[in-house]
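Structure file run-v3.txt (compact mmCIF, C-alpha atoms) is printed below.
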```txt
# COMPACT_ATOMS: atom_id res chain seq x y z
CA MET A 1 0.00 0.00 0.00
CA THR A 2 1.46 3.29 -1.05
CA LEU A 3 1.95 6.26 1.23
CA LEU A 4 -0.67 8.19 -0.70
CA GLN A 5 -3.18 5.41 -0.13
CA ARG A 6 -2.39 5.41 3.59
CA ILE A 7 -2.93 9.13 3.84
CA LYS A 8 -6.20 8.75 1.95
CA ASP A 9 -7.37 6.00 4.32
CA LEU A 10 -6.42 8.01 7.37
CA VAL A 11 -8.15 11.14 6.21
CA ARG A 12 -11.18 9.29 4.95
CA SER A 13 -11.67 7.44 8.22
CA ARG A 14 -11.51 10.73 10.12
CA SER A 15 -14.12 12.57 8.09
CA ILE A 16 -17.28 10.56 7.64
CA HIS A 17 -20.38 12.26 6.39
CA VAL A 18 -23.59 10.75 7.60
CA SER A 19 -27.04 10.99 6.13
CA TYR A 20 -30.00 9.49 7.86
CA VAL A 21 -33.28 8.37 6.43
CA ASP A 22 -36.41 7.55 8.40
CA VAL A 23 -38.38 4.83 6.64
CA GLY A 24 -41.29 4.83 9.05
CA SER A 25 -40.00 4.79 12.59
CA CYS A 26 -41.64 5.97 15.80
CA ASN A 27 -38.94 8.71 16.15
CA GLY A 28 -37.34 6.96 19.13
CA CYS A 29 -34.20 6.04 17.21
CA ASP A 30 -34.11 9.44 15.50
CA ILE A 31 -33.89 11.07 18.90
CA GLU A 32 -31.03 8.76 19.88
CA ILE A 33 -29.18 9.77 16.70
CA LEU A 34 -29.88 13.38 17.61
CA ALA A 35 -28.43 12.73 21.07
CA CYS A 36 -25.18 11.68 19.37
CA LEU A 37 -24.84 15.27 18.15
CA ALA A 38 -25.25 16.72 21.62
CA PRO A 39 -22.16 17.60 23.71
CA ARG A 40 -22.46 14.52 25.92
CA TYR A 41 -21.73 12.09 23.08
CA ASP A 42 -20.35 14.64 20.60
CA ILE A 43 -20.19 12.66 17.38
CA GLU A 44 -18.26 15.44 15.61
CA GLN A 45 -15.08 15.00 17.62
CA TYR A 46 -14.65 11.66 15.81
CA GLY A 47 -14.96 13.45 12.51
CA ILE A 48 -18.50 12.28 11.83
CA TYR A 49 -20.70 15.00 10.37
CA VAL A 50 -24.44 14.72 9.92
CA HIS A 51 -25.29 16.32 6.60
CA ASN A 52 -28.52 14.70 5.47
CA ASN A 53 -27.52 15.04 1.89
CA PRO A 54 -27.05 11.65 0.23
CA ARG A 55 -24.83 13.11 -2.49
CA GLU A 56 -22.28 14.10 0.14
CA ALA A 57 -22.70 11.13 2.44
CA ASP A 58 -20.50 8.13 3.15
CA VAL A 59 -22.75 6.40 5.64
CA LEU A 60 -26.52 6.07 5.47
CA LEU A 61 -28.30 5.48 8.76
CA VAL A 62 -31.60 3.73 8.13
CA VAL A 63 -34.23 4.10 10.80
CA GLY A 64 -37.68 2.55 10.80
CA ALA A 65 -39.65 -0.50 9.82
CA PHE A 66 -39.82 0.24 6.06
CA THR A 67 -43.34 1.30 5.29
CA LEU A 68 -44.56 0.42 1.82
CA GLY A 69 -44.33 4.01 0.59
CA TRP A 70 -40.53 3.69 0.64
CA GLU A 71 -40.54 0.79 -1.81
CA GLU A 72 -38.57 2.48 -4.65
CA LYS A 73 -37.55 5.63 -2.82
CA LEU A 74 -35.00 4.13 -0.43
CA LYS A 75 -33.15 2.54 -3.36
CA MET A 76 -33.11 5.97 -5.03
CA VAL A 77 -31.53 7.56 -1.95
CA TRP A 78 -29.01 4.72 -1.74
CA ASP A 79 -28.04 5.07 -5.40
CA LYS A 80 -27.35 8.77 -4.95
CA ILE A 81 -24.61 8.13 -2.39
CA PRO A 82 -21.18 8.06 -4.03
CA GLU A 83 -18.88 5.08 -3.51
CA PRO A 84 -17.43 4.01 -1.08
CA LYS A 85 -20.60 3.85 0.99
CA ALA A 86 -22.19 1.84 3.74
CA ALA A 87 -25.64 1.61 5.29
CA ILE A 88 -26.26 1.00 8.97
CA ALA A 89 -29.61 -0.23 10.27
CA ILE A 90 -30.38 1.61 13.50
CA GLY A 91 -32.74 -0.08 15.93
CA ASN A 92 -34.93 -3.14 15.88
CA CYS A 93 -37.28 -1.94 13.16
CA PRO A 94 -34.96 -2.12 10.13
CA ILE A 95 -33.64 -5.47 11.38
CA SER A 96 -36.86 -7.30 12.17
CA GLY A 97 -39.77 -4.88 12.03
CA GLY A 98 -39.72 -4.65 15.80
CA VAL A 99 -43.06 -4.05 17.46
CA PHE A 100 -44.62 -3.01 14.14
CA ASP A 101 -44.11 -6.41 12.53
CA ARG A 102 -47.59 -7.71 13.27
CA ARG A 103 -50.33 -9.20 11.22
CA GLY A 104 -52.07 -6.57 9.13
CA SER A 105 -49.41 -3.86 9.48
CA TYR A 106 -48.16 -2.17 6.34
CA VAL A 107 -44.44 -2.62 6.79
CA ASP A 108 -41.94 -4.68 4.83
CA PRO A 109 -38.92 -5.42 7.04
CA PRO A 110 -36.04 -6.16 7.03
CA VAL A 111 -34.41 -3.26 5.23
CA SER A 112 -31.60 -5.56 4.06
CA LYS A 113 -34.08 -6.89 1.48
CA HIS A 114 -34.03 -3.48 -0.21
CA ILE A 115 -30.50 -2.10 0.18
CA PRO A 116 -27.27 -3.77 1.38
CA ILE A 117 -26.75 -3.21 5.10
CA ALA A 118 -23.19 -3.15 6.45
CA ALA A 119 -23.95 -3.07 10.18
CA GLU A 120 -26.96 -3.51 12.40
CA VAL A 121 -27.47 -1.87 15.78
CA PRO A 122 -30.14 -3.75 17.76
CA GLY A 123 -32.11 -2.06 20.50
CA CYS A 124 -35.43 -0.30 20.88
CA PRO A 125 -33.98 2.30 20.77
CA PRO A 126 -30.22 1.64 20.67
CA ARG A 127 -28.10 3.83 22.93
CA PRO A 128 -26.12 6.70 21.38
CA THR A 129 -22.90 4.94 22.42
CA GLU A 130 -23.93 1.88 20.43
CA ILE A 131 -24.78 3.94 17.34
CA LEU A 132 -21.46 5.76 17.65
CA SER A 133 -19.43 2.58 18.05
CA ALA A 134 -21.20 1.04 15.04
CA ILE A 135 -20.20 3.97 12.83
CA LEU A 136 -16.67 3.88 14.21
CA SER A 137 -16.41 0.12 13.70
CA ILE A 138 -17.22 0.22 9.97
CA ARG A 139 -15.03 3.19 9.12
CA ASP A 140 -11.89 1.08 8.86
CA THR A 141 -13.38 -1.92 7.10
CA VAL A 142 -15.49 -0.16 4.49
CA PHE A 143 -13.38 2.83 3.67
CA ALA A 144 -9.83 1.47 4.05
CA GLY A 145 -7.96 0.79 0.83
CA TRP A 146 -10.89 1.68 -1.41
CA GLU A 147 -8.77 2.43 -4.50
CA VAL A 148 -6.81 -0.82 -4.01
CA LYS A 149 -10.02 -2.82 -3.81
CA GLN A 150 -11.29 -1.18 -6.98
CA ARG A 151 -8.35 -2.39 -9.03
CA MET B 152 3.88 33.29 -3.42
CA ALA B 153 6.22 31.63 -0.94
CA ALA B 154 4.98 33.90 1.78
CA SER B 155 1.37 33.06 1.09
CA VAL B 156 2.10 29.31 1.24
CA PHE B 157 3.90 29.89 4.51
CA TRP B 158 0.99 31.80 5.98
CA TYR B 159 -1.46 29.23 4.70
CA LEU B 160 0.40 26.40 6.38
CA ARG B 161 0.85 28.45 9.51
CA GLU B 162 -2.86 29.14 9.76
CA PHE B 163 -4.34 25.81 8.78
CA ALA B 164 -1.75 23.05 9.22
CA ARG B 165 -1.18 23.87 12.86
CA PHE B 166 -0.19 21.08 15.20
CA GLU B 167 -3.38 21.49 17.26
CA TRP B 168 -5.52 21.26 14.16
CA VAL B 169 -3.83 18.07 12.96
CA GLN B 170 -4.03 16.58 16.43
CA LYS B 171 -7.73 17.34 16.71
CA PHE B 172 -8.31 15.89 13.27
CA LEU B 173 -6.58 12.62 13.99
CA PHE B 174 -7.40 12.02 17.63
CA ALA B 175 -10.71 12.40 19.42
CA LYS B 176 -10.67 14.38 22.63
CA THR B 177 -12.44 11.68 24.62
CA ALA B 178 -12.93 7.97 24.12
CA PRO B 179 -16.51 6.86 23.37
CA LEU B 180 -18.61 6.71 26.50
CA MET B 181 -19.12 3.28 27.99
CA THR B 182 -22.50 1.92 28.99
CA PRO B 183 -22.69 1.68 32.80
CA ALA B 184 -23.22 -1.79 34.25
CA HIS B 185 -26.56 -0.88 35.84
CA PHE B 186 -28.18 -0.05 32.49
CA ARG B 187 -30.72 -2.59 31.30
CA GLY B 188 -29.03 -4.52 28.53
CA PHE B 189 -30.10 -7.61 26.67
CA PRO B 190 -30.99 -10.27 29.28
CA GLU B 191 -28.10 -12.53 30.19
CA PRO B 192 -28.33 -16.00 31.74
CA THR B 193 -27.51 -16.19 35.45
CA GLY B 194 -26.69 -19.90 35.27
CA LYS B 195 -29.75 -21.08 37.21
CA PRO B 196 -31.63 -23.88 35.46
CA CYS B 197 -34.69 -23.00 33.41
CA MET B 198 -37.77 -24.94 34.52
CA HIS B 199 -39.78 -24.26 31.35
CA ALA B 200 -42.36 -22.07 33.08
CA LEU B 201 -42.53 -19.97 29.88
CA TYR B 202 -43.48 -16.86 31.87
CA CYS B 203 -40.85 -14.94 29.89
CA MET B 204 -42.54 -15.75 26.60
CA MET B 205 -45.96 -14.92 28.01
CA VAL B 206 -44.90 -11.50 29.25
CA CYS B 207 -42.69 -10.46 26.34
CA PRO B 208 -44.23 -7.51 24.47
CA ALA B 209 -42.02 -7.76 21.37
CA PRO B 210 -42.85 -10.38 18.75
CA GLY B 211 -40.20 -13.06 18.42
CA ALA B 212 -37.84 -11.62 21.02
CA ILE B 213 -37.54 -14.59 23.37
CA GLU B 214 -38.01 -18.29 22.91
CA VAL B 215 -37.30 -21.17 25.24
CA ILE B 216 -35.49 -23.87 23.33
CA HIS B 217 -34.41 -27.37 24.32
CA ARG B 218 -30.73 -28.17 24.34
CA GLU B 219 -28.92 -31.31 25.49
CA ASP B 220 -28.63 -29.95 29.03
CA GLY B 221 -32.22 -28.78 29.36
CA TRP B 222 -34.31 -25.76 28.48
CA VAL B 223 -32.63 -22.42 27.84
CA PRO B 224 -34.20 -19.04 27.02
CA ARG B 225 -32.76 -17.47 23.90
CA ILE B 226 -32.94 -13.74 23.27
CA GLN B 227 -33.16 -12.54 19.68
CA LYS B 228 -31.24 -9.32 19.32
CA GLY B 229 -33.03 -7.16 16.80
CA HIS B 230 -36.35 -8.19 18.29
CA CYS B 231 -35.69 -7.62 22.02
CA ILE B 232 -36.58 -4.14 23.28
CA ARG B 233 -34.68 -4.52 26.60
CA CYS B 234 -37.75 -3.88 28.74
CA GLY B 235 -36.60 -6.43 31.33
CA LEU B 236 -40.06 -7.92 31.83
CA CYS B 237 -38.83 -11.47 31.20
CA VAL B 238 -36.26 -11.01 33.96
CA GLU B 239 -38.99 -9.80 36.28
CA ALA B 240 -41.49 -12.51 35.38
CA CYS B 241 -39.24 -15.55 35.67
CA PRO B 242 -40.00 -17.43 38.93
CA ASN B 243 -36.52 -18.95 38.99
CA GLY B 244 -34.30 -15.98 38.20
CA VAL B 245 -32.85 -17.54 35.05
CA LEU B 246 -32.15 -14.21 33.37
CA THR B 247 -30.60 -11.01 34.59
CA SER B 248 -30.47 -7.52 33.15
CA GLY B 249 -29.22 -4.42 34.89
CA ARG B 250 -30.71 -3.88 38.33
CA VAL B 251 -34.05 -5.56 37.60
CA LEU B 252 -33.47 -8.61 39.80
CA GLU B 253 -32.22 -6.51 42.73
CA THR B 254 -35.19 -4.15 42.52
CA VAL B 255 -37.66 -7.01 42.34
CA GLY B 256 -36.00 -8.61 45.37
CA GLU B 257 -36.07 -5.37 47.38
CA GLN B 258 -39.61 -4.35 46.56
CA MET B 259 -41.11 -7.86 46.51
CA THR B 260 -43.01 -7.25 43.31
CA SER B 261 -44.40 -9.95 41.11
CA LEU B 262 -46.35 -10.14 37.90
CA VAL B 263 -49.71 -11.84 37.51
CA PHE B 264 -50.95 -12.92 34.11
CA SER B 265 -54.38 -13.67 32.94
CA PHE B 266 -55.72 -14.08 29.44
CA ARG B 267 -59.10 -13.22 28.03
CA ILE B 268 -60.49 -15.13 25.10
CA ALA B 269 -62.78 -12.99 22.98
CA ILE B 270 -64.83 -14.70 20.28
CA ASP B 271 -66.58 -12.64 17.67
CA ARG B 272 -69.94 -14.42 17.40
CA ASP B 273 -70.67 -12.83 14.04
CA ARG B 274 -67.54 -14.20 12.46
CA CYS B 275 -67.17 -17.59 14.19
CA MET B 276 -68.26 -20.42 11.91
CA GLY B 277 -67.85 -23.14 14.51
CA CYS B 278 -65.21 -24.97 12.49
CA GLY B 279 -63.38 -25.98 15.66
CA ASN B 280 -59.87 -25.21 14.36
CA CYS B 281 -59.06 -23.21 17.48
CA CYS B 282 -60.20 -26.01 19.81
CA THR B 283 -58.13 -28.67 18.04
CA ALA B 284 -55.07 -26.43 17.66
CA CYS B 285 -54.99 -25.44 21.35
CA PRO B 286 -52.12 -27.25 23.10
CA VAL B 287 -53.87 -27.08 26.48
CA ASN B 288 -56.97 -28.71 25.00
CA LYS B 289 -54.73 -31.44 23.64
CA ILE B 290 -53.57 -32.32 27.14
CA ALA B 291 -57.06 -32.07 28.65
CA ASP B 292 -58.76 -34.12 25.95
CA ALA B 293 -56.48 -36.07 23.66
CA GLN B 294 -59.49 -37.54 21.87
CA MET B 295 -60.78 -34.25 20.51
CA GLY B 296 -61.46 -34.63 16.82
CA SER B 297 -61.31 -32.19 13.94
CA GLY B 298 -64.74 -30.71 14.67
CA GLY B 299 -63.68 -29.45 18.06
CA HIS B 300 -66.43 -31.37 19.85
CA SER B 301 -65.63 -32.77 23.27
CA SER B 302 -67.52 -34.37 26.11
CA ASN B 303 -64.74 -33.39 28.50
CA ASP B 304 -65.44 -30.44 30.80
CA ASP B 305 -61.74 -29.70 31.43
CA VAL B 306 -61.02 -28.23 28.01
CA ILE B 307 -60.56 -24.48 27.56
CA MET B 308 -63.11 -24.27 24.77
CA ARG B 309 -65.17 -26.58 22.62
CA VAL B 310 -67.71 -26.39 19.85
CA GLN B 311 -71.23 -26.57 21.19
CA GLY B 312 -74.29 -25.90 19.10
CA GLY B 313 -72.31 -24.70 16.11
CA ASP B 314 -70.38 -22.11 18.08
CA VAL B 315 -67.27 -22.06 20.22
CA GLN B 316 -67.99 -22.00 23.95
CA VAL B 317 -65.23 -21.00 26.36
CA LEU B 318 -65.29 -23.12 29.51
CA HIS B 319 -62.02 -22.52 31.32
CA GLU B 320 -60.55 -19.16 30.41
CA GLU B 321 -58.12 -19.32 33.35
CA LYS B 322 -56.23 -22.25 31.78
CA CYS B 323 -55.15 -20.20 28.76
CA THR B 324 -51.38 -19.73 28.48
CA GLY B 325 -51.56 -17.05 25.81
CA CYS B 326 -49.73 -18.94 23.07
CA LYS B 327 -52.20 -17.56 20.45
CA THR B 328 -52.11 -20.77 18.42
CA CYS B 329 -55.89 -20.46 18.11
CA GLU B 330 -55.56 -16.96 16.64
CA GLN B 331 -53.21 -18.28 13.98
CA SER B 332 -55.41 -21.25 13.10
CA CYS B 333 -58.65 -19.30 12.86
CA PRO B 334 -59.59 -18.85 9.19
CA ASN B 335 -61.92 -15.96 9.93
CA ASP B 336 -60.07 -13.85 12.54
CA ALA B 337 -62.92 -14.56 14.93
CA ILE B 338 -60.88 -15.36 18.05
CA ARG B 339 -58.67 -12.90 19.86
CA ILE B 340 -56.52 -13.43 22.92
CA ALA B 341 -55.85 -10.45 25.17
CA ARG B 342 -53.23 -10.55 27.89
CA ILE B 343 -53.89 -8.85 31.17
CA LEU B 344 -50.74 -8.21 33.13
CA GLU B 345 -50.85 -6.94 36.69
CA ALA B 346 -47.93 -5.97 38.87
CA THR B 347 -48.57 -6.67 42.54
CA GLN B 348 -46.65 -6.49 45.78
CA GLN B 349 -48.14 -9.65 47.21
CA PRO B 350 -46.42 -13.00 46.90
CA VAL B 351 -47.98 -14.93 44.06
CA PRO B 352 -48.00 -18.72 44.37
CA VAL B 353 -46.07 -20.40 41.59
CA PRO B 354 -47.01 -23.99 40.69
CA ALA B 355 -44.60 -26.44 42.32
CA GLU B 356 -43.50 -28.07 39.07
CA LEU B 357 -42.31 -24.71 37.74
CA THR B 358 -39.94 -23.89 40.60
CA GLU B 359 -36.40 -25.06 40.92
CA ASP B 360 -36.71 -27.07 44.16
CA GLY B 361 -40.16 -28.42 43.28
CA GLN B 362 -41.92 -27.15 46.42
```
Translate the structure described by the file into structure tokens.
Amino acid sequence: MTLLQRIKDLVRSRSIHVSYVDVGSCNGCDIEILACLAPRYDIEQYGIYVHNNPREADVLLVVGAFTLGWEEKLKMVWDKIPEPKAAIAIGNCPISGGVFDRRGSYVDPPVSKHIPIAAEVPGCPPRPTEILSAILSIRDTVFAGWEVKQR
Amino acid sequence: MAASVFWYLREFARFEWVQKFLFAKTAPLMTPAHFRGFPEPTGKPCMHALYCMMVCPAPGAIEVIHREDGWVPRIQKGHCIRCGLCVEACPNGVLTSGRVLETVGEQMTSLVFSFRIAIDRDRCMGCGNCCTACPVNKIADAQMGSGGHSSNDDVIMRVQGGDVQVLHEEKCTGCKTCEQSCPNDAIRIARILEATQQPVPVPAELTEDGQ
């Protein structure tokens, strides 16, 4: 691995832009993501910025049990994110449907059916520390050596 | 030109800036031990009381499975909502999560279940699927046929006069097998959960020492 590649990996792993998309959650997990921004957890000191613009994002946080209205739209958001990219399922709902996965409910979990999911954070809702450590745990595996992997 | 590059580097490539970029000021916060996490086994043997599954509010979060060395509760992460009710409901203290067991021990609380069987008379066709599917009925009357008729008075419900009659609501364990087998959505099971501060008798076969 060349020196340039190492510098790229280092810089890339220290500046992650996050976009989050709510595909029908109860807002519990959204609030936990919001708590990551607050001074107590302070997600920005790890170089993670919440932008909510998929064209600038590296990581997509997916929240919610995937209501049917998101059928084509989530794929559209995912396709807009430039490579290298990763999606993280936050909370029980994108993993299993959570408490909404009942007979007669209009949800279509899991989200991994619709877009590739790199990491899953279980919990209803997950704690901000768990969300933070999930983002930090994928930054080295997904973004390291991207140009080498492309070749 | 050279001066501007110098000033640029001096302003932006400062040591503090590079240090802040590469290293976080604080390590990620750790979760304290007293927070309610996913339930963990305490090592006490499970006596298959199934109170955990009865009380669990999240679909598919806990199941009691049989291994070589007996029954064990298994938590499904991604389904479990960490409410700690299974820890509180278990008569044998098989699971632990945060401070739930200590609090229950201090305050002497216990949970009482009961189940209500509601049958929609307008929708019930009297096919008897619910009666034959019910696992408690199967123990009470092994002879019950496909029509759901029974001459046994110990069954939870049976088909009488072309309609399902509920005889022993108190025997229901809330497994909802009848709900799943009903072709017409006519039967509904509702759980009633009460928290009390009186000691609740647990059947002897469900406790560890059998008394």
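In terms of minimum interatomic distance to Asp79 (chain A), A:Pro116 ranks closest within A:Asp101, A:Asn27, A:Pro116, A:Ile43, counting all atoms listed in the file.
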Check every residue of chain B for an atom within 6 Å of chain A, counting only C-alpha atoms, and provide those that qualify as a short mmCIF file (atom, residue, chain, number, x, y, z; two decimals) with C-alpha atoms, in the coordinates of the input.
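Listed below is the output, selection_19.cif:
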```
data_model
loop_
_atom_site.label_atom_id
_atom_site.label_comp_id
_atom_site.auth_asym_id
_atom_site.auth_seq_id
_atom_site.Cartn_x
_atom_site.Cartn_y
_atom_site.Cartn_z
CA ALA B 175 -10.71 12.40 19.42
CA ALA B 209 -42.02 -7.76 21.37
CA LYS B 228 -31.24 -9.32 19.32
CA GLY B 229 -33.03 -7.16 16.80
CA HIS B 230 -36.35 -8.19 18.29
CA ILE B 232 -36.58 -4.14 23.28
#
```
Just give me the residues with any atom within 12 Å of (-28.7, 0.9, 4.1), file coordinates, counting only C-alpha atoms, written as an MDAnalysis selection string. chainID A and resid 18:23 54 57:64 66 74:79 81 85:90 94:95 110:120
Go ahead and write the selection's residues with C-alpha atoms as a PDB file, in the frame of the given file.
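What ended up in selection.pdb:
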```pdb
ATOM      1  CA  VAL A  18     -23.590  10.750   7.600  1.00  0.00           C
ATOM      2  CA  SER A  19     -27.040  10.990   6.130  1.00  0.00           C
ATOM      3  CA  TYR A  20     -30.000   9.490   7.860  1.00  0.00           C
ATOM      4  CA  VAL A  21     -33.280   8.370   6.430  1.00  0.00           C
ATOM      5  CA  ASP A  22     -36.410   7.550   8.400  1.00  0.00           C
ATOM      6  CA  VAL A  23     -38.380   4.830   6.640  1.00  0.00           C
ATOM      7  CA  PRO A  54     -27.050  11.650   0.230  1.00  0.00           C
ATOM      8  CA  ALA A  57     -22.700  11.130   2.440  1.00  0.00           C
ATOM      9  CA  ASP A  58     -20.500   8.130   3.150  1.00  0.00           C
ATOM     10  CA  VAL A  59     -22.750   6.400   5.640  1.00  0.00           C
ATOM     11  CA  LEU A  60     -26.520   6.070   5.470  1.00  0.00           C
ATOM     12  CA  LEU A  61     -28.300   5.480   8.760  1.00  0.00           C
ATOM     13  CA  VAL A  62     -31.600   3.730   8.130  1.00  0.00           C
ATOM     14  CA  VAL A  63     -34.230   4.100  10.800  1.00  0.00           C
ATOM     15  CA  GLY A  64     -37.680   2.550  10.800  1.00  0.00           C
ATOM     16  CA  PHE A  66     -39.820   0.240   6.060  1.00  0.00           C
ATOM     17  CA  LEU A  74     -35.000   4.130  -0.430  1.00  0.00           C
ATOM     18  CA  LYS A  75     -33.150   2.540  -3.360  1.00  0.00           C
ATOM     19  CA  MET A  76     -33.110   5.970  -5.030  1.00  0.00           C
ATOM     20  CA  VAL A  77     -31.530   7.560  -1.950  1.00  0.00           C
ATOM     21  CA  TRP A  78     -29.010   4.720  -1.740  1.00  0.00           C
ATOM     22  CA  ASP A  79     -28.040   5.070  -5.400  1.00  0.00           C
ATOM     23  CA  ILE A  81     -24.610   8.130  -2.390  1.00  0.00           C
ATOM     24  CA  LYS A  85     -20.600   3.850   0.990  1.00  0.00           C
ATOM     25  CA  ALA A  86     -22.190   1.840   3.740  1.00  0.00           C
ATOM     26  CA  ALA A  87     -25.640   1.610   5.290  1.00  0.00           C
ATOM     27  CA  ILE A  88     -26.260   1.000   8.970  1.00  0.00           C
ATOM     28  CA  ALA A  89     -29.610  -0.230  10.270  1.00  0.00           C
ATOM     29  CA  ILE A  90     -30.380   1.610  13.500  1.00  0.00           C
ATOM     30  CA  PRO A  94     -34.960  -2.120  10.130  1.00  0.00           C
ATOM     31  CA  ILE A  95     -33.640  -5.470  11.380  1.00  0.00           C
ATOM     32  CA  PRO A 110     -36.040  -6.160   7.030  1.00  0.00           C
ATOM     33  CA  VAL A 111     -34.410  -3.260   5.230  1.00  0.00           C
ATOM     34  CA  SER A 112     -31.600  -5.560   4.060  1.00  0.00           C
ATOM     35  CA  LYS A 113     -34.080  -6.890   1.480  1.00  0.00           C
ATOM     36  CA  HIS A 114     -34.030  -3.480  -0.210  1.00  0.00           C
ATOM     37  CA  ILE A 115     -30.500  -2.100   0.180  1.00  0.00           C
ATOM     38  CA  PRO A 116     -27.270  -3.770   1.380  1.00  0.00           C
ATOM     39  CA  ILE A 117     -26.750  -3.210   5.100  1.00  0.00           C
ATOM     40  CA  ALA A 118     -23.190  -3.150   6.450  1.00  0.00           C
ATOM     41  CA  ALA A 119     -23.950  -3.070  10.180  1.00  0.00           C
ATOM     42  CA  GLU A 120     -26.960  -3.510  12.400  1.00  0.00           C
TER      43      GLU A 120
END
```
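Our summary of the geometry notes that CA of Asp305 (chain B) is positioned 16.9 Å from CA of Phe266 (chain B).
We find CA of Ser25 (chain A) and CA of Ala65 (chain A) to be spaced 6.0 Å apart.
Within 12 Å of the point (-70.1, -17.9, 25.9) in file coordinates, and counting only C-alpha atoms, lie the residues Ile268, Ala269, Ile270, Asp271, Arg272, Ile307, Met308, Arg309, Val310, Gln311, Gly312, Asp314, Val315, Gln316, Val317, Leu318, His319 and Glu320 of chain B.
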Residue nearest Ala341 (chain B) - candidates B:Val353, B:Ala212, B:Cys326, B:Leu252, atoms counted: only C-alpha atoms: B:Cys326
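Across the model, the gap from CA of Trp146 (chain A) to CA of Met1 (chain A) is 11.1 Å.
For the choices B:Ala164, B:Cys234, B:Leu246, B:Arg225, the atom-to-atom distance to Thr193 (chain B) is smallest for B:Leu246 when using only C-alpha atoms.
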